[in-house]
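Student: Could you have a look at this structure, given as structure tokens, before my questions?
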Amino acid sequence: MLTPRFEITQTDTEVTIIIYAPYANIKDTEVYVDGTDFRFYSTPYYLRLKLPGEIEENDTSFGSYDCEKGDFSLKFPKVNKGEHFENLDMITTLLAPPKKKNNIIPNIEVIGNPSANSEDINETSNENDSVVNDESTNGDEWYMHQNNPTNILPLLTSSPKYGFANKISGALVAFESAWIKEIIDLPMPDTTPESERKCLREKRELSDFNEEHYLADLMQPECIEPYIKYVAEWETINKESISLNETEVDLLKELPNKEYLLNNDETYKLLLSLVDILFGSCYNDRTTLGENTVESSWTINKLSSTLSWFEEFADAEEVIRACFRRSVCYPLFRNWNLSLKVLEDVKKVVKLGKKYIIKRFCEIHNLFNNSCEPRYILNQLYIKDYLVWLQTVHESSIESLNTLIADIQPCKEDMGFDLVELEQAAYSVQEEDLIIENSIHEMVDQMDELIVNDNNRDKPKTIYYIKDKHSLKYLLSSSSSSSDSSDTDSESDSDSSTSSTSTTSNSSSLDSDDASEPE
């Protein structure tokens, strides 16, 4: 049976369920409503929903089918008029099977090595199927399995853990290390202790930091400005207008429904890693101007320490610092102001609430699935679980995350790359070059003026070489100035005349003295 795409809207008095089921057999269509339980059957489609509030089927209920669109439109009144049904767009949660209060079986998924014995997995799966058939249905002929697969894996080992909520262990043993290195920077993830990940990551970043690249982006702000000025989608929408598109709905309805037994510390770390992944997503969107490229999946993967190093964070300052360090080490544009703008983007995305965050993660899932490298592994380790968990997490948790990061402003001094010293040195060199350039321009202007005023065109020209550290320039000018030359010539003639007169006078005086001496 196929699980159809569906959409639910509500008013104060009724609920409308729109089911997209093209080529359905209308004659066989059946609808069942009982409180929060809604079921739809029309060959080859089957849909079972667990609504957050009660509806009923009575004389005011209404149903229609649009042959061109292939849509069933079903309307049912609410049992409690004026009640607001929460999370009607959380697809995976609505597809969850009803639980029997008198026989609750904890739905705990234990994640371990995917290369485990397949016979054990099949045996466990068969046992679970028998539990569902014998206990959950209670003879209910309407109950059927929907496309809601769950991978059941063996118990965790003592090896280092990673993945969503740090619950997975040994999942990458079966893969070749050279293949895994395409997407994961952490060396030997199944043997490297968790406590060493941060130190190894920062050491690698320090060696990968390229001063020339960073300074080139710093001194050419005109190349970065278009990306900073770009108006992203999250800057133009409000929380109430957010809705999931067909592609996103199709993805969510295929996800397995899981329950996560998490303590406060694990939830806190999940929220911090959420910021880390969103930073990579927002950076990609801004630097591609909203049009994803073949490098988009690489950018998100590389900028996120969660996805590339399997790292967990202790506080909000630490995760923001990690994001900024990687943003000035690896992507094409390595600019501090651009990173600050991306941080503002993350804050706006979080402020829009969990539905918009789910949209961002749906895009990440799609990019990873279509990547040339095996980034679908990251979907299995992180993204899918985030999509399921985000649908169940309370909106207040997202609001608390918004409070955590709202006032954080990272400093260049804390990055460990001597960014302040590098920038000061670059600006000093730039200032020196500007002084030299201005001096050259002044000399050129003066010499041009001298050439214009030169009245003696027959005099030989002299070549002046002006050299700085960037180039060797030459200018042609007269060997003497025009205005100063004439003044100098006249002064020279006057001095010559005076000197001649003085010499003659002195000579006469000497002759006179000589004549008066007695013989």
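Chain labels follow the order of the structure tokens: the first chain is A, the next B, and so on; residue numbering restarts at 1 in every chain, and ligands are counted from 1 in their shown order.
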Mind dumping a table of every segment 228-332 of chain A residue within 10 Å of segment 209-220 of chain A, with the nearest atom pair and its distance in Å to one decimal, using only C-alpha atoms, sorted by chain and rising number, as a Markdown table?

Tutor:
| residue | atom | partner | partner_atom | distance |
| --- | --- | --- | --- | --- |
| A:Arg325 | CA | A:Phe209 | CA | 8.9 |
| A:Arg326 | CA | A:Phe209 | CA | 8.8 |
| A:Val328 | CA | A:Tyr214 | CA | 6.8 |
| A:Cys329 | CA | A:Phe209 | CA | 4.8 |
| A:Tyr330 | CA | A:Phe209 | CA | 7.8 |
| A:Leu332 | CA | A:His213 | CA | 9.0 |

Student: Any chance you could export the current selection's N, CA, C and O atoms as a JSON list (two decimals), in the first residue's frame?

Tutor:
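Written out: result-v1.json:
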[["chain", "number", "residue", "atom", "x", "y", "z"],
["A", 325, "ARG", "N", 35.87, 29.76, 13.02],
["A", 325, "ARG", "CA", 37.19, 29.26, 12.67],
["A", 325, "ARG", "C", 37.15, 28.54, 11.33],
["A", 325, "ARG", "O", 38.00, 28.76, 10.46],
["A", 326, "ARG", "N", 36.15, 27.71, 11.14],
["A", 326, "ARG", "CA", 36.08, 26.96, 9.89],
["A", 326, "ARG", "C", 35.69, 27.86, 8.71],
["A", 326, "ARG", "O", 36.08, 27.61, 7.57],
["A", 328, "VAL", "N", 36.75, 30.81, 8.13],
["A", 328, "VAL", "CA", 37.92, 31.55, 7.64],
["A", 328, "VAL", "C", 39.05, 30.61, 7.23],
["A", 328, "VAL", "O", 40.14, 31.07, 6.90],
["A", 329, "CYS", "N", 38.77, 29.30, 7.25],
["A", 329, "CYS", "CA", 39.79, 28.32, 6.87],
["A", 329, "CYS", "C", 39.50, 27.63, 5.54],
["A", 329, "CYS", "O", 40.43, 27.35, 4.78],
["A", 330, "TYR", "N", 38.23, 27.33, 5.25],
["A", 330, "TYR", "CA", 37.95, 26.37, 4.18],
["A", 330, "TYR", "C", 37.14, 26.87, 2.99],
["A", 330, "TYR", "O", 37.47, 26.52, 1.86],
["A", 332, "LEU", "N", 35.28, 29.19, -0.10],
["A", 332, "LEU", "CA", 35.85, 30.08, -1.11],
["A", 332, "LEU", "C", 36.01, 31.50, -0.60],
["A", 332, "LEU", "O", 37.03, 32.15, -0.83]]

Student: Could you give me, as a ChimeraX atom specification, the residues within 7 Å of Asn257 of chain A, counting only C-alpha atoms and dropping anything in the same chain fewer than 5 positions from it?

Tutor: /A:92-93,96,148,388

Student: Would you export the selected residues with C-alpha atoms as a JSON list (two decimals), in the first residue's frame, please?

Tutor:
[["chain", "number", "residue", "atom", "x", "y", "z"],
["A", 92, "THR", "CA", 5.98, 12.08, 10.69],
["A", 93, "THR", "CA", 4.28, 12.65, 14.05],
["A", 96, "ALA", "CA", 2.55, 7.56, 14.27],
["A", 148, "ASN", "CA", 7.39, 3.79, 8.31],
["A", 388, "VAL", "CA", 12.11, 13.31, 13.19]]

Student: Measure the distance from atom CA of Val173 of chain A to atom CA of Glu363 of chain A in Å and round it to one decimal.

Tutor: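 Atom-to-atom, atom CA of Val173 of chain A and atom CA of Glu363 of chain A are spaced 28.0 Å apart.
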
Student: Near Ile300 of chain A, counting only C-alpha atoms, which residues have an atom at most 8 Å away, once you skip same-chain residues fewer than 2 positions from it, shown as number ranges by chain?

Tutor: A: 277, 279-281, 283-284, 296-298, 302-304, 364

Student: Which polymer residues have any atom within 8 Å of an atom of Leu271 of chain A, counting only C-alpha atoms, with same-chain residues fewer than 4 positions away left out, as a count of residues only?

Tutor: 4

Student: Point out the residue among A:Leu378, A:Ile55, A:Leu343, A:Ala171 with the least atom-to-atom distance to Ile183 of chain A, counting only C-alpha atoms.

Tutor: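 That would be A:Leu378, the residue with the smallest distance to Ile183 of chain A.
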
Student: Could you work out how far atom CA of Pro22 of chain A lies from atom CA of Asp71 of chain A, giving the answer in Å with one decimal?

Tutor: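 Result for atom CA of Asp71 of chain A versus atom CA of Pro22 of chain A: 6.9 Å, one decimal.
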
Student: When you count only C-alpha atoms, which of these residues is closest to Leu88 of chain A: A:Ile224, A:Val249, A:Leu381, A:Cys323?

Tutor: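 So, comparing all the options, the nearest one is A:Val249.
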
Student: Quick one: of A:Glu291, A:Glu311, A:Glu399, A:Glu14, who's nearest to Ile184 of chain A, counting only C-alpha atoms?

Tutor: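 Closest candidate: A:Glu311.
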
Student: Which residue out of A:Cys282, A:Arg360, A:Val349, A:Tyr382 has the minimum interatomic distance to Ser308 of chain A when only C-alpha atoms are used?

Tutor: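 Result for the nearest residue to Ser308 of chain A: A:Tyr382.
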
Student: Under the rule that only C-alpha atoms are counted, which of A:Gly163, A:Pro4, A:Pro187, A:Gly35 is the nearest residue to Glu312 of chain A?

Tutor: A:Gly163

Student: Would you list the contacts of Thr9 of chain A as a ChimeraX atom specification, taking every protein, DNA or RNA residue within 10 Å and counting only C-alpha atoms, but skipping same-chain residues closer than 3 positions in sequence?

Tutor: /A:14-18,75,85,88-89

Student: Write the selection just made, keeping N, CA and C atoms, as a JSON list (two decimals), in the first residue's frame?

Tutor:
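Final output, selection.json:
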[["chain", "number", "residue", "atom", "x", "y", "z"],
["A", 14, "GLU", "N", -13.76, 23.33, 12.40],
["A", 14, "GLU", "CA", -13.62, 22.13, 11.59],
["A", 14, "GLU", "C", -12.18, 21.92, 11.12],
["A", 15, "VAL", "N", -11.93, 20.70, 10.66],
["A", 15, "VAL", "CA", -10.63, 20.31, 10.13],
["A", 15, "VAL", "C", -10.81, 19.83, 8.70],
["A", 16, "THR", "N", -9.93, 20.29, 7.81],
["A", 16, "THR", "CA", -9.97, 19.86, 6.41],
["A", 16, "THR", "C", -8.73, 19.04, 6.10],
["A", 17, "ILE", "N", -8.92, 17.83, 5.59],
["A", 17, "ILE", "CA", -7.82, 16.94, 5.23],
["A", 17, "ILE", "C", -7.84, 16.77, 3.72],
["A", 18, "ILE", "N", -6.79, 17.22, 3.06],
["A", 18, "ILE", "CA", -6.66, 17.09, 1.61],
["A", 18, "ILE", "C", -5.67, 15.98, 1.32],
["A", 75, "LYS", "N", -13.81, 17.15, 5.04],
["A", 75, "LYS", "CA", -14.00, 18.10, 6.13],
["A", 75, "LYS", "C", -14.78, 17.44, 7.26],
["A", 85, "PHE", "N", -5.59, 22.77, 17.09],
["A", 85, "PHE", "CA", -4.79, 21.57, 16.92],
["A", 85, "PHE", "C", -3.35, 21.97, 16.60],
["A", 88, "LEU", "N", -0.05, 20.41, 13.03],
["A", 88, "LEU", "CA", -0.74, 19.71, 11.95],
["A", 88, "LEU", "C", 0.14, 19.53, 10.71],
["A", 89, "ASP", "N", 1.29, 20.20, 10.67],
["A", 89, "ASP", "CA", 2.20, 20.03, 9.54],
["A", 89, "ASP", "C", 3.41, 19.18, 9.90]]

Student: Which polymer residues have any atom within 8 Å of an atom of segment 416-418 of chain A, counting only C-alpha atoms, with same-chain residues fewer than 4 positions away left out, as a list in words?

Tutor: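 Those residues are Leu206, Phe209, Lys412 and Leu422 of chain A.
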
Student: Go through A:Phe333, A:Trp179, A:Tyr356, A:Phe72 and flag the residue nearest Ser243 of chain A, using only C-alpha atoms for the distances.

Tutor: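 Using only C-alpha atoms, the shortest distance to Ser243 of chain A belongs to A:Tyr356.
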
Student: Provide the atom CA of Asn379 of chain A to atom CA of Ile19 of chain A distance in Å, to one decimal place.

Tutor: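 Separation between atom CA of Asn379 of chain A and atom CA of Ile19 of chain A: 27.8 Å.
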
Student: Just asking: which residues within segment 13-62 of chain A are strand (DSSP E) according to DSSP, as a tab-separated table (two decimals) with C-alpha atoms, in the first residue's frame?

Tutor:
chain	number	residue	atom	x	y	z
A	14	GLU	CA	-13.62	22.13	11.59
A	15	VAL	CA	-10.63	20.31	10.13
A	16	THR	CA	-9.97	19.86	6.41
A	17	ILE	CA	-7.82	16.94	5.23
A	18	ILE	CA	-6.66	17.09	1.61
A	19	ILE	CA	-5.28	13.81	0.29
A	20	TYR	CA	-3.38	13.65	-2.99
A	30	GLU	CA	-13.50	4.27	2.61
A	31	VAL	CA	-13.01	6.81	5.43
A	32	TYR	CA	-13.00	6.04	9.15
A	33	VAL	CA	-13.06	8.63	11.97
A	34	ASP	CA	-12.95	7.95	15.70
A	35	GLY	CA	-11.81	10.82	17.94
A	36	THR	CA	-8.13	11.41	17.17
A	37	ASP	CA	-7.97	8.40	14.83
A	38	PHE	CA	-8.44	9.07	11.10
A	39	ARG	CA	-8.08	6.42	8.39
A	40	PHE	CA	-8.42	6.57	4.63
A	41	TYR	CA	-8.39	3.72	2.13
A	42	SER	CA	-8.64	3.88	-1.64
A	45	TYR	CA	-3.51	4.20	-1.09
A	46	TYR	CA	-3.78	3.84	2.66
A	47	LEU	CA	-3.44	6.65	5.21
A	48	ARG	CA	-3.70	6.51	8.98
A	49	LEU	CA	-3.36	9.67	11.07
A	50	LYS	CA	-3.19	10.31	14.79
A	51	LEU	CA	-4.58	13.83	15.17
A	52	PRO	CA	-3.69	16.11	18.09
A	53	GLY	CA	-7.42	16.71	18.80
A	54	GLU	CA	-10.74	14.93	18.35
A	55	ILE	CA	-12.93	15.18	15.28
A	62	PHE	CA	-18.25	16.71	3.70
